[in-house]
Amino acid sequence: MSRMKSLLLAGVLAFLALTRPAFGTEGKFAFGYIAHPFGDALTDESGLRQALAEADQANLAFVVVGGIKSGIEPCSDELYEQRHALLNQAKHGLVVSLSESDWSDCRHRDGRPAALERLRRLRELFFADDLSFGASRIPLIRQSTNPKFRDYAENARWEIGGIMFATLNLPANNNRYLSAAGRNGEFEDRLVANKEWLQRIFMYARRKRSAGIVIFCDGNPLYPQKEDNVRRDGFRETRRLLLTLAASFPGKILVVHNQPPRDGRQDAPVIRWKDNLGDLAVASEWISIKVTPARPALFAVAPGKGAEPARD
């Protein structure tokens with residue numbers, strides 16, 4: 001081997017040693033999830049900064065942020081760029097999972113809907129390449145690599161420790177289904193894209209014999225929308241597909257979302273299992289989730305703030 005090749009190999013190995021998550025015995029590791037840590041004041045990002053700082057001190061493989069802004073903050077390029085810079089300062093590899101307040105609820109100053117234009121801008125700014133945010137950037141595979149779905153760069157997947165992870169754009173406001181006739185082109189197109197993405201995630205997970213799948217999204221696709229003002233459940237097709245795919249998958253599937261628990265309890269987040277499909281509601285805090293391949297449950301929740309590092 002030439003000296004140049006030896007130096008290149010040494011450099012790659014050194015990079016991997018720096019960026020590889022700290023695994024314990026039996027392949028144990030942990031990842032973090034930050035959900036809507038925003039205050040009531042306009043552009044108050046102190047909660048997000050605190051959550052990021054605490055996550056930086058934990059022994060995590062990566063962190064997912066479930067939304068970059070609150071509903072009362074402006075959907076401006078200036079705020080988007082400010083959050084982009086903040087997230088990029090994270091110590092761990094950091095992945096963004098979009099929320100409804102990031103784009104789906106956005107409006108122009110004159111009150112006209114701005115969702116589609118703002119979603120395009122977020123895709124340009126936050127999902128322009130195939131790497132995560134943060135100092136330890138992790139490689140991602142985006143749905144946009146498929147020419148048929150080149151617009152859906154926000155849907156990404158990655159694999160760590162034999163677990164398949166993925167983001168799915170499912171805004172909490174009934175998946176942005178609009179009751180007015182003829183206005184659901186975006187919803188219908190995204191429905192097709194999300195169906196293909198979920199099928200692809202499960203296909204690769206089965207092919208790689210993954211022990212589990214973790215899906216990050218804003219809305220809770222497992223819970224039927226039954227409110228009086230909902231004419232059509234915008235999560236219906238996604239829920240049916242998830243149930244079908246889960247029924248033939250030998251491992252565990254965990255859905256992590258930003259909505260309150262179905263039973264209304266505001267206790268610490270807990271995984272609610274139905275067969276091999278888990279529902280984890282994280283409405284307003286950050287948590288760490290431990291992965292222990294040797295245990296049947298596979299996933300376990302630990303409080304984010306002040307949580308003990310994931311060690312043996």
# chains A, B, ... in the order shown; residues from 1 in each chain; ligands from 1
>>> select_by_dssp(residues="range 135-237 of chain A", states="strand (DSSP E)", output="list of chain:residue names")
A:Ile141, A:Arg142, A:Ala156, A:Arg157, A:Trp158, A:Glu159, A:Ile160, A:Ile163, A:Met164, A:Phe165, A:Ala166, A:Thr167, A:Gly212, A:Ile213, A:Val214, A:Ile215, A:Phe216
>>> closest_atom_pairs(of="range 163-209 of chain A", to="range 141-156 of chain A", cutoff="10 Å", atoms="only C-alpha atoms", output="JSON lines")
{"residue": "A:Phe165", "atom": "CA", "partner": "A:Ala156", "partner_atom": "CA", "distance": 8.3}
{"residue": "A:Ala166", "atom": "CA", "partner": "A:Ala156", "partner_atom": "CA", "distance": 5.5}
{"residue": "A:Thr167", "atom": "CA", "partner": "A:Asn155", "partner_atom": "CA", "distance": 5.2}
{"residue": "A:Leu168", "atom": "CA", "partner": "A:Asn155", "partner_atom": "CA", "distance": 5.2}
{"residue": "A:Asn169", "atom": "CA", "partner": "A:Asn155", "partner_atom": "CA", "distance": 6.5}
{"residue": "A:Asp189", "atom": "CA", "partner": "A:Phe149", "partner_atom": "CA", "distance": 9.5}
{"residue": "A:Arg190", "atom": "CA", "partner": "A:Tyr152", "partner_atom": "CA", "distance": 8.2}
{"residue": "A:Val192", "atom": "CA", "partner": "A:Phe149", "partner_atom": "CA", "distance": 9.3}
{"residue": "A:Ala193", "atom": "CA", "partner": "A:Phe149", "partner_atom": "CA", "distance": 6.5}
{"residue": "A:Asn194", "atom": "CA", "partner": "A:Asn155", "partner_atom": "CA", "distance": 8.2}
{"residue": "A:Glu196", "atom": "CA", "partner": "A:Gln143", "partner_atom": "CA", "distance": 9.0}
{"residue": "A:Trp197", "atom": "CA", "partner": "A:Gln143", "partner_atom": "CA", "distance": 6.8}
{"residue": "A:Leu198", "atom": "CA", "partner": "A:Asn155", "partner_atom": "CA", "distance": 9.8}
{"residue": "A:Arg200", "atom": "CA", "partner": "A:Gln143", "partner_atom": "CA", "distance": 9.3}
{"residue": "A:Ile201", "atom": "CA", "partner": "A:Ala156", "partner_atom": "CA", "distance": 9.6}
>>> closest_residue(among="A:Ser76, A:Ser284, A:Ser99, A:Ser46", to="Ile34 in chain A", atoms="only C-alpha atoms")
A:Ser284
>>> select_by_dssp(residues="range 53-122 of chain A", states="helix (DSSP H, G or I)", output="MDAnalysis selection string")
chainID A and resid 53:57 77:87 100:102 115:122
>>> write_last_selection(atoms="N, CA and C atoms", output="tab-separated table (two decimals), in the first residue's frame")
chain	number	residue	atom	x	y	z
A	53	ALA	N	-28.02	22.31	24.82
A	53	ALA	CA	-26.85	22.29	25.71
A	53	ALA	C	-26.86	21.04	26.58
A	54	GLU	N	-28.02	20.66	27.10
A	54	GLU	CA	-28.11	19.46	27.94
A	54	GLU	C	-27.86	18.20	27.12
A	55	ALA	N	-28.40	18.17	25.90
A	55	ALA	CA	-28.17	17.01	25.04
A	55	ALA	C	-26.69	16.87	24.68
A	56	ASP	N	-26.02	18.01	24.51
A	56	ASP	CA	-24.59	17.98	24.20
A	56	ASP	C	-23.78	17.29	25.30
A	57	GLN	N	-24.26	17.35	26.54
A	57	GLN	CA	-23.54	16.78	27.67
A	57	GLN	C	-23.83	15.29	27.87
A	77	ASP	N	-37.50	34.14	6.57
A	77	ASP	CA	-36.17	33.65	6.21
A	77	ASP	C	-35.17	33.95	7.32
A	78	GLU	N	-35.31	35.11	7.94
A	78	GLU	CA	-34.38	35.50	9.00
A	78	GLU	C	-34.41	34.52	10.15
A	79	LEU	N	-35.63	34.13	10.58
A	79	LEU	CA	-35.72	33.18	11.69
A	79	LEU	C	-35.25	31.80	11.26
A	80	TYR	N	-35.59	31.38	10.06
A	80	TYR	CA	-35.12	30.09	9.56
A	80	TYR	C	-33.59	30.03	9.58
A	81	GLU	N	-32.97	31.08	9.10
A	81	GLU	CA	-31.50	31.10	9.04
A	81	GLU	C	-30.89	31.14	10.44
A	82	GLN	N	-31.56	31.84	11.36
A	82	GLN	CA	-31.08	31.89	12.74
A	82	GLN	C	-31.12	30.50	13.37
A	83	ARG	N	-32.20	29.76	13.16
A	83	ARG	CA	-32.32	28.40	13.73
A	83	ARG	C	-31.35	27.45	13.03
A	84	HIS	N	-31.15	27.64	11.75
A	84	HIS	CA	-30.19	26.83	11.01
A	84	HIS	C	-28.80	26.94	11.64
A	85	ALA	N	-28.39	28.17	11.93
A	85	ALA	CA	-27.07	28.40	12.53
A	85	ALA	C	-27.00	27.80	13.93
A	86	LEU	N	-28.08	27.95	14.71
A	86	LEU	CA	-28.09	27.41	16.08
A	86	LEU	C	-27.99	25.89	16.07
A	87	LEU	N	-28.77	25.22	15.25
A	87	LEU	CA	-28.76	23.76	15.22
A	87	LEU	C	-27.42	23.22	14.75
A	100	GLU	N	-45.80	21.19	12.12
A	100	GLU	CA	-46.78	22.04	11.43
A	100	GLU	C	-46.44	23.52	11.59
A	101	SER	N	-45.90	23.91	12.73
A	101	SER	CA	-45.58	25.32	12.95
A	101	SER	C	-44.41	25.79	12.11
A	102	ASP	N	-43.62	24.87	11.58
A	102	ASP	CA	-42.50	25.24	10.71
A	102	ASP	C	-42.97	25.72	9.34
A	115	ALA	N	-47.93	28.14	3.13
A	115	ALA	CA	-47.36	26.84	3.49
A	115	ALA	C	-46.44	26.29	2.40
A	116	LEU	N	-46.87	26.27	1.18
A	116	LEU	CA	-46.09	25.64	0.11
A	116	LEU	C	-44.80	26.39	-0.15
A	117	GLU	N	-44.87	27.71	-0.16
A	117	GLU	CA	-43.66	28.51	-0.38
A	117	GLU	C	-42.68	28.33	0.77
A	118	ARG	N	-43.19	28.28	2.00
A	118	ARG	CA	-42.30	28.12	3.16
A	118	ARG	C	-41.70	26.71	3.21
A	119	LEU	N	-42.47	25.70	2.79
A	119	LEU	CA	-41.93	24.35	2.75
A	119	LEU	C	-40.80	24.26	1.73
A	120	ARG	N	-40.97	24.91	0.59
A	120	ARG	CA	-39.89	24.93	-0.41
A	120	ARG	C	-38.63	25.58	0.16
A	121	ARG	N	-38.81	26.67	0.90
A	121	ARG	CA	-37.65	27.36	1.48
A	121	ARG	C	-36.97	26.50	2.54
A	122	LEU	N	-37.73	25.82	3.36
A	122	LEU	CA	-37.13	24.93	4.36
A	122	LEU	C	-36.34	23.82	3.70
>>> atom_distance(atom1="CA of Gly251 in chain A", atom2="CA of Ile213 in chain A")
7.7 Å
>>> residues_around(residues="Asp275 in chain A", least_positions_apart="6", cutoff="10 Å", atoms="only C-alpha atoms", output="mmCIF file with N, CA and C atoms, in the first residue's frame")
data_model
loop_
_atom_site.group_PDB
_atom_site.id
_atom_site.type_symbol
_atom_site.label_atom_id
_atom_site.label_comp_id
_atom_site.auth_asym_id
_atom_site.auth_seq_id
_atom_site.Cartn_x
_atom_site.Cartn_y
_atom_site.Cartn_z
ATOM 1 N N ALA A 246 -46.328 -3.163 9.971
ATOM 2 C CA ALA A 246 -45.887 -3.645 11.281
ATOM 3 C C ALA A 246 -46.266 -5.113 11.483
ATOM 4 N N ALA A 247 -47.404 -5.517 10.928
ATOM 5 C CA ALA A 247 -47.884 -6.888 11.131
ATOM 6 C C ALA A 247 -46.933 -7.932 10.549
ATOM 7 N N LYS A 252 -39.362 -4.466 16.434
ATOM 8 C CA LYS A 252 -40.169 -3.427 17.067
ATOM 9 C C LYS A 252 -40.203 -2.181 16.190
ATOM 10 N N ILE A 253 -41.346 -1.482 16.192
ATOM 11 C CA ILE A 253 -41.484 -0.203 15.490
ATOM 12 C C ILE A 253 -41.916 0.843 16.506
#
>>> residues_around(residues="Pro113 in chain A", least_positions_apart="2", cutoff="12 Å", atoms="only C-alpha atoms", output="list in words")
Cys75, Trp103, Ser104, Asp105, Cys106, Arg107, His108, Arg109, Asp110, Gly111, Ala115, Leu116, Glu117, Arg118, Leu119, Arg176, Leu178 and Arg183 of chain A
>>> closest_residue(among="A:Gly182, A:Leu94, A:Asn175, A:Ala114", to="Pro221 in chain A", atoms="only C-alpha atoms")
A:Asn175
>>> atom_distance(atom1="CA of Asn184 in chain A", atom2="CA of Phe235 in chain A")
13.8 Å
>>> closest_residue(among="A:Ile289, A:Ala300, A:Ala61, A:Val214", to="Arg157 in chain A", atoms="only C-alpha atoms")
A:Val214
